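The structure under discussion appears below in the form of structure tokens.
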Amino acid sequence: MKNTATAINEIRARIRAAETRFGRKPDSVRLLAVSKTKPAELVLRAIECGQTEFAENYVQEAVEKITRIGLPELTWHFIGPVQSNKTKPIAARFDWVHSLDRLKIAERLNAARPDHLPPLEVCLQVNISHEASKSGMSANELDELAMACNELPRLRLRGLMALPAPVADFDQQRQSFYEVKMLLVHLKRTLPELDTLSMGTTQDMEAAIAEGATMVRIGTALFGPRE
Ligand SMILES: *Cc1c(COP(=O)(O)O)cnc(C)c1O
């Protein structure tokens with residue numbers, strides 16, 4: 001595995017190249033470093049390269065890392081499935097939750113968000129998949145969830161997150177991200193303040209940027225493959 005500094009510089013260059021190629025504004029795409037399963041030492045190396053935003057999937061592992069690193073200026077994003085018995089540590093230790101897909105979880109996070117912290121930034125996760133058996137939320141269900149979340153004072157709804165099933169074909173990748181973008185366009189008719197599309201990983205970040213991603217979540221290309 002190449003060292004973290006080289007990897008970060010290469011990803012930053014990929015993001016810049018994609019912004020240019022697809023007519024996006026410079027610096028309109030934020031890099032979230034996905035550090036799940038990776039030790040705090042690697043996170044610290046990324047911090048030395050100026051990286052400030054990190055994403056984690058597993059609550060206990062993340063809380064240990066956040067505590068160990070102990071730098072309040074970092075931004076921590078929760079991107080894994082949210083179990084209802086884990087909403088308290090998530091609401092207390094994270095700045096963002098990208099993987100919200102149920103009102104019950106939103107209500108629990110809202111209730112658990114400590115008063116001394118600003119509202120928790122949240123994205124609704126939409127399930128975009130071409131497998132007919134795996135249908136996600138309908139557009140109507142998404143509308144209802146978005147409106148309900150928007151009423152919760154300790155949450156701040158920012159937009160949508162998606163993790164489409166991996167495919168190699170660029171146009172197919174774009175098609176999935178296009179569908180996410182159109183769902184956001186639709187939601188913005190009633191919630192114009194929404195501004196976030198969290199989509200794109202190591203395999204498909206260019207396609208996501210082409211379709212308007214404002215945050216890409218990169219693990220493997222930064223920290224190497226996971227076990
Ligand atoms: C693990 C993970 C990523 C990072 O994927 P890579 O292929 O390692 O870049 C991004 N988003 C979510 C939701 C993940 O679980």
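Every chain in the structure tokens has a letter given in the order shown (A, B, ...), and although residue numbers restart at 1 in each chain, ligands are simply numbered from 1 in the order shown.
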For the interface of chain A with ligand 1 (cut-off 8 Å, counting only C-alpha atoms and all ligand atoms), please tabulate each contacting residue of chain A alongside its nearest pair of atoms and their separation in Å to one decimal, rows sorted by chain and increasing number, as a tab-separated table.
residue	atom	partner	partner_atom_place_in_ligand_line	distance
A:Val34	CA	ligand 1	4 (C)	5.6
A:Lys36	CA	ligand 1	1 (C)	6.9
A:Glu56	CA	ligand 1	15 (O)	7.8
A:Asn57	CA	ligand 1	15 (O)	6.1
A:Ile79	CA	ligand 1	13 (C)	5.0
A:Gly80	CA	ligand 1	13 (C)	5.9
A:Ser99	CA	ligand 1	13 (C)	7.7
A:Ala162	CA	ligand 1	13 (C)	7.6
A:Leu163	CA	ligand 1	13 (C)	5.9
A:Met199	CA	ligand 1	11 (N)	7.7
A:Gly200	CA	ligand 1	10 (C)	7.2
A:Thr201	CA	ligand 1	9 (O)	4.1
A:Thr202	CA	ligand 1	9 (O)	3.7
A:Gln203	CA	ligand 1	7 (O)	5.9
A:Val216	CA	ligand 1	10 (C)	7.8
A:Arg217	CA	ligand 1	10 (C)	4.6
A:Ile218	CA	ligand 1	9 (O)	3.7
A:Gly219	CA	ligand 1	8 (O)	3.5
A:Thr220	CA	ligand 1	8 (O)	3.6
A:Ala221	CA	ligand 1	9 (O)	6.1
A:Leu222	CA	ligand 1	9 (O)	7.7
A:Gly224	CA	ligand 1	8 (O)	7.9
A:Pro225	CA	ligand 1	8 (O)	6.9
A:Arg226	CA	ligand 1	8 (O)	7.6
Set the distance at 12 Å and use only C-alpha atoms: which residues neighbour His186 in chain A once local chain neighbours fewer than 6 positions away are removed? I'd like the list as a PDB file with N, CA, C and O atoms, in the first residue's frame.
ATOM      1  N   ALA A 139     -40.802   7.518  -3.872  1.00  0.00           N
ATOM      2  CA  ALA A 139     -40.648   8.976  -3.792  1.00  0.00           C
ATOM      3  C   ALA A 139     -41.609   9.565  -2.753  1.00  0.00           C
ATOM      4  O   ALA A 139     -41.257  10.488  -2.023  1.00  0.00           O
ATOM      5  N   ASN A 140     -42.813   8.999  -2.657  1.00  0.00           N
ATOM      6  CA  ASN A 140     -43.778   9.504  -1.670  1.00  0.00           C
ATOM      7  C   ASN A 140     -43.333   9.252  -0.237  1.00  0.00           C
ATOM      8  O   ASN A 140     -43.445  10.124   0.631  1.00  0.00           O
ATOM      9  N   LEU A 142     -40.309   8.900   0.704  1.00  0.00           N
ATOM     10  CA  LEU A 142     -39.173   9.781   0.938  1.00  0.00           C
ATOM     11  C   LEU A 142     -39.650  11.184   1.306  1.00  0.00           C
ATOM     12  O   LEU A 142     -39.140  11.794   2.254  1.00  0.00           O
ATOM     13  N   ASP A 143     -40.627  11.682   0.584  1.00  0.00           N
ATOM     14  CA  ASP A 143     -41.211  12.994   0.898  1.00  0.00           C
ATOM     15  C   ASP A 143     -41.689  13.054   2.338  1.00  0.00           C
ATOM     16  O   ASP A 143     -41.407  14.003   3.064  1.00  0.00           O
ATOM     17  N   ALA A 146     -38.809  12.998   4.795  1.00  0.00           N
ATOM     18  CA  ALA A 146     -38.082  14.274   4.762  1.00  0.00           C
ATOM     19  C   ALA A 146     -38.857  15.357   5.517  1.00  0.00           C
ATOM     20  O   ALA A 146     -38.280  16.097   6.323  1.00  0.00           O
ATOM     21  N   GLY A 159     -29.758  16.573   2.957  1.00  0.00           N
ATOM     22  CA  GLY A 159     -29.886  16.027   1.605  1.00  0.00           C
ATOM     23  C   GLY A 159     -29.967  14.521   1.604  1.00  0.00           C
ATOM     24  O   GLY A 159     -30.527  13.927   2.527  1.00  0.00           O
ATOM     25  N   LEU A 160     -29.382  13.899   0.592  1.00  0.00           N
ATOM     26  CA  LEU A 160     -29.523  12.460   0.371  1.00  0.00           C
ATOM     27  C   LEU A 160     -28.166  11.769   0.297  1.00  0.00           C
ATOM     28  O   LEU A 160     -27.173  12.356  -0.135  1.00  0.00           O
ATOM     29  N   GLU A 179     -30.448   9.174 -10.730  1.00  0.00           N
ATOM     30  CA  GLU A 179     -31.731   8.970 -10.045  1.00  0.00           C
ATOM     31  C   GLU A 179     -31.727   9.601  -8.658  1.00  0.00           C
ATOM     32  O   GLU A 179     -32.720  10.183  -8.225  1.00  0.00           O
ATOM     33  N   VAL A 180     -30.596   9.520  -7.976  1.00  0.00           N
ATOM     34  CA  VAL A 180     -30.500  10.153  -6.649  1.00  0.00           C
ATOM     35  C   VAL A 180     -30.610  11.673  -6.796  1.00  0.00           C
ATOM     36  O   VAL A 180     -31.337  12.335  -6.047  1.00  0.00           O
ATOM     37  N   PRO A 192     -36.159  23.825  -0.182  1.00  0.00           N
ATOM     38  CA  PRO A 192     -35.111  24.384  -1.053  1.00  0.00           C
ATOM     39  C   PRO A 192     -33.754  24.514  -0.391  1.00  0.00           C
ATOM     40  O   PRO A 192     -32.744  24.668  -1.085  1.00  0.00           O
ATOM     41  N   LEU A 194     -32.085  22.229   1.079  1.00  0.00           N
ATOM     42  CA  LEU A 194     -31.269  21.005   0.980  1.00  0.00           C
ATOM     43  C   LEU A 194     -30.119  21.243  -0.003  1.00  0.00           C
ATOM     44  O   LEU A 194     -30.313  21.816  -1.069  1.00  0.00           O
TER      45      LEU A 194
END
**Prompt:** With only C-alpha atoms as the basis for distance, which of A:Lys38, A:Arg174, A:Arg189, A:Arg45 is at the shortest distance from Ala210 in chain A?
**Reply:**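 When distances to Ala210 in chain A are compared using only C-alpha atoms, the smallest one comes from A:Arg174.
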**Polymer residues at most 12 Å from range 76-78 of chain A, only C-alpha atoms, same-chain spacing of 6 or more positions, as an NGL selection string** = :A and (31-36 or 43 or 51-63 or 65-67 or 69-70 or 86-87 or 89-100 or 120-123 or 125 or 161 or 198 or 215-217)
Go ahead and save the residues from that selection, with C-alpha atoms, as an mmCIF file, in the first residue's frame.
data_model
loop_
_atom_site.group_PDB
_atom_site.id
_atom_site.type_symbol
_atom_site.label_atom_id
_atom_site.label_comp_id
_atom_site.auth_asym_id
_atom_site.auth_seq_id
_atom_site.Cartn_x
_atom_site.Cartn_y
_atom_site.Cartn_z
ATOM 1 C CA LEU A 31 -13.647 14.389 0.508
ATOM 2 C CA LEU A 32 -14.752 12.210 3.422
ATOM 3 C CA ALA A 33 -12.048 9.745 4.446
ATOM 4 C CA VAL A 34 -13.726 6.427 5.335
ATOM 5 C CA SER A 35 -11.586 5.069 8.153
ATOM 6 C CA LYS A 36 -13.706 2.083 9.234
ATOM 7 C CA VAL A 43 -6.323 8.639 10.634
ATOM 8 C CA GLN A 51 -7.715 15.922 6.007
ATOM 9 C CA THR A 52 -10.389 16.991 8.516
ATOM 10 C CA GLU A 53 -13.482 14.935 7.661
ATOM 11 C CA PHE A 54 -13.758 11.249 8.497
ATOM 12 C CA ALA A 55 -16.513 8.678 8.112
ATOM 13 C CA GLU A 56 -17.133 5.551 10.168
ATOM 14 C CA ASN A 57 -19.604 2.644 10.050
ATOM 15 C CA TYR A 58 -19.343 0.934 13.443
ATOM 16 C CA VAL A 59 -20.267 2.862 16.570
ATOM 17 C CA GLN A 60 -18.004 1.297 19.170
ATOM 18 C CA GLU A 61 -14.938 1.285 16.944
ATOM 19 C CA ALA A 62 -15.596 4.885 15.941
ATOM 20 C CA VAL A 63 -16.137 6.170 19.474
ATOM 21 C CA LYS A 65 -11.026 6.263 17.682
ATOM 22 C CA ILE A 66 -12.691 9.648 18.168
ATOM 23 C CA THR A 67 -11.797 9.585 21.871
ATOM 24 C CA ILE A 69 -7.596 11.106 18.565
ATOM 25 C CA GLY A 70 -9.327 13.759 20.639
ATOM 26 C CA LYS A 86 -26.902 3.016 19.347
ATOM 27 C CA THR A 87 -28.587 6.347 18.720
ATOM 28 C CA PRO A 89 -23.518 7.576 21.247
ATOM 29 C CA ILE A 90 -24.090 8.496 17.606
ATOM 30 C CA ALA A 91 -25.987 11.667 18.543
ATOM 31 C CA ALA A 92 -23.353 12.596 21.128
ATOM 32 C CA ARG A 93 -20.152 11.869 19.193
ATOM 33 C CA PHE A 94 -20.872 12.507 15.508
ATOM 34 C CA ASP A 95 -21.477 15.711 13.546
ATOM 35 C CA TRP A 96 -23.304 14.058 10.649
ATOM 36 C CA VAL A 97 -25.428 10.946 10.060
ATOM 37 C CA HIS A 98 -25.796 9.953 6.381
ATOM 38 C CA SER A 99 -27.686 6.717 6.799
ATOM 39 C CA LEU A 100 -31.060 7.780 8.140
ATOM 40 C CA LEU A 120 -27.073 16.926 14.055
ATOM 41 C CA GLU A 121 -26.599 17.222 10.267
ATOM 42 C CA VAL A 122 -28.471 14.385 8.546
ATOM 43 C CA CYS A 123 -28.949 12.863 5.110
ATOM 44 C CA GLN A 125 -30.241 7.212 2.641
ATOM 45 C CA MET A 161 -26.985 9.652 0.596
ATOM 46 C CA SER A 198 -23.414 12.173 -0.431
ATOM 47 C CA MET A 215 -19.428 14.679 -0.756
ATOM 48 C CA VAL A 216 -17.575 11.543 -1.841
ATOM 49 C CA ARG A 217 -16.829 8.808 0.718
#
**Request:** Run DSSP on the backbone of this structure and report the residues of chain A it assigns to strand (DSSP E), as a ChimeraX atom specification.
**Result:** /A:30-34,53-56,75-78,96-100,120-126,155-162,196-198,215-218
**Request:** For CA of Ile15 in chain A and CA of Leu124 in chain A, quote the distance in Å rounded to one decimal.
**Result:** 23.6 Å
**Item:** Which residue of A:Arg158, A:Arg14, A:Arg108, A:Arg68 approaches Lys188 in chain A most closely, using only C-alpha atoms
**Value:** A:Arg158
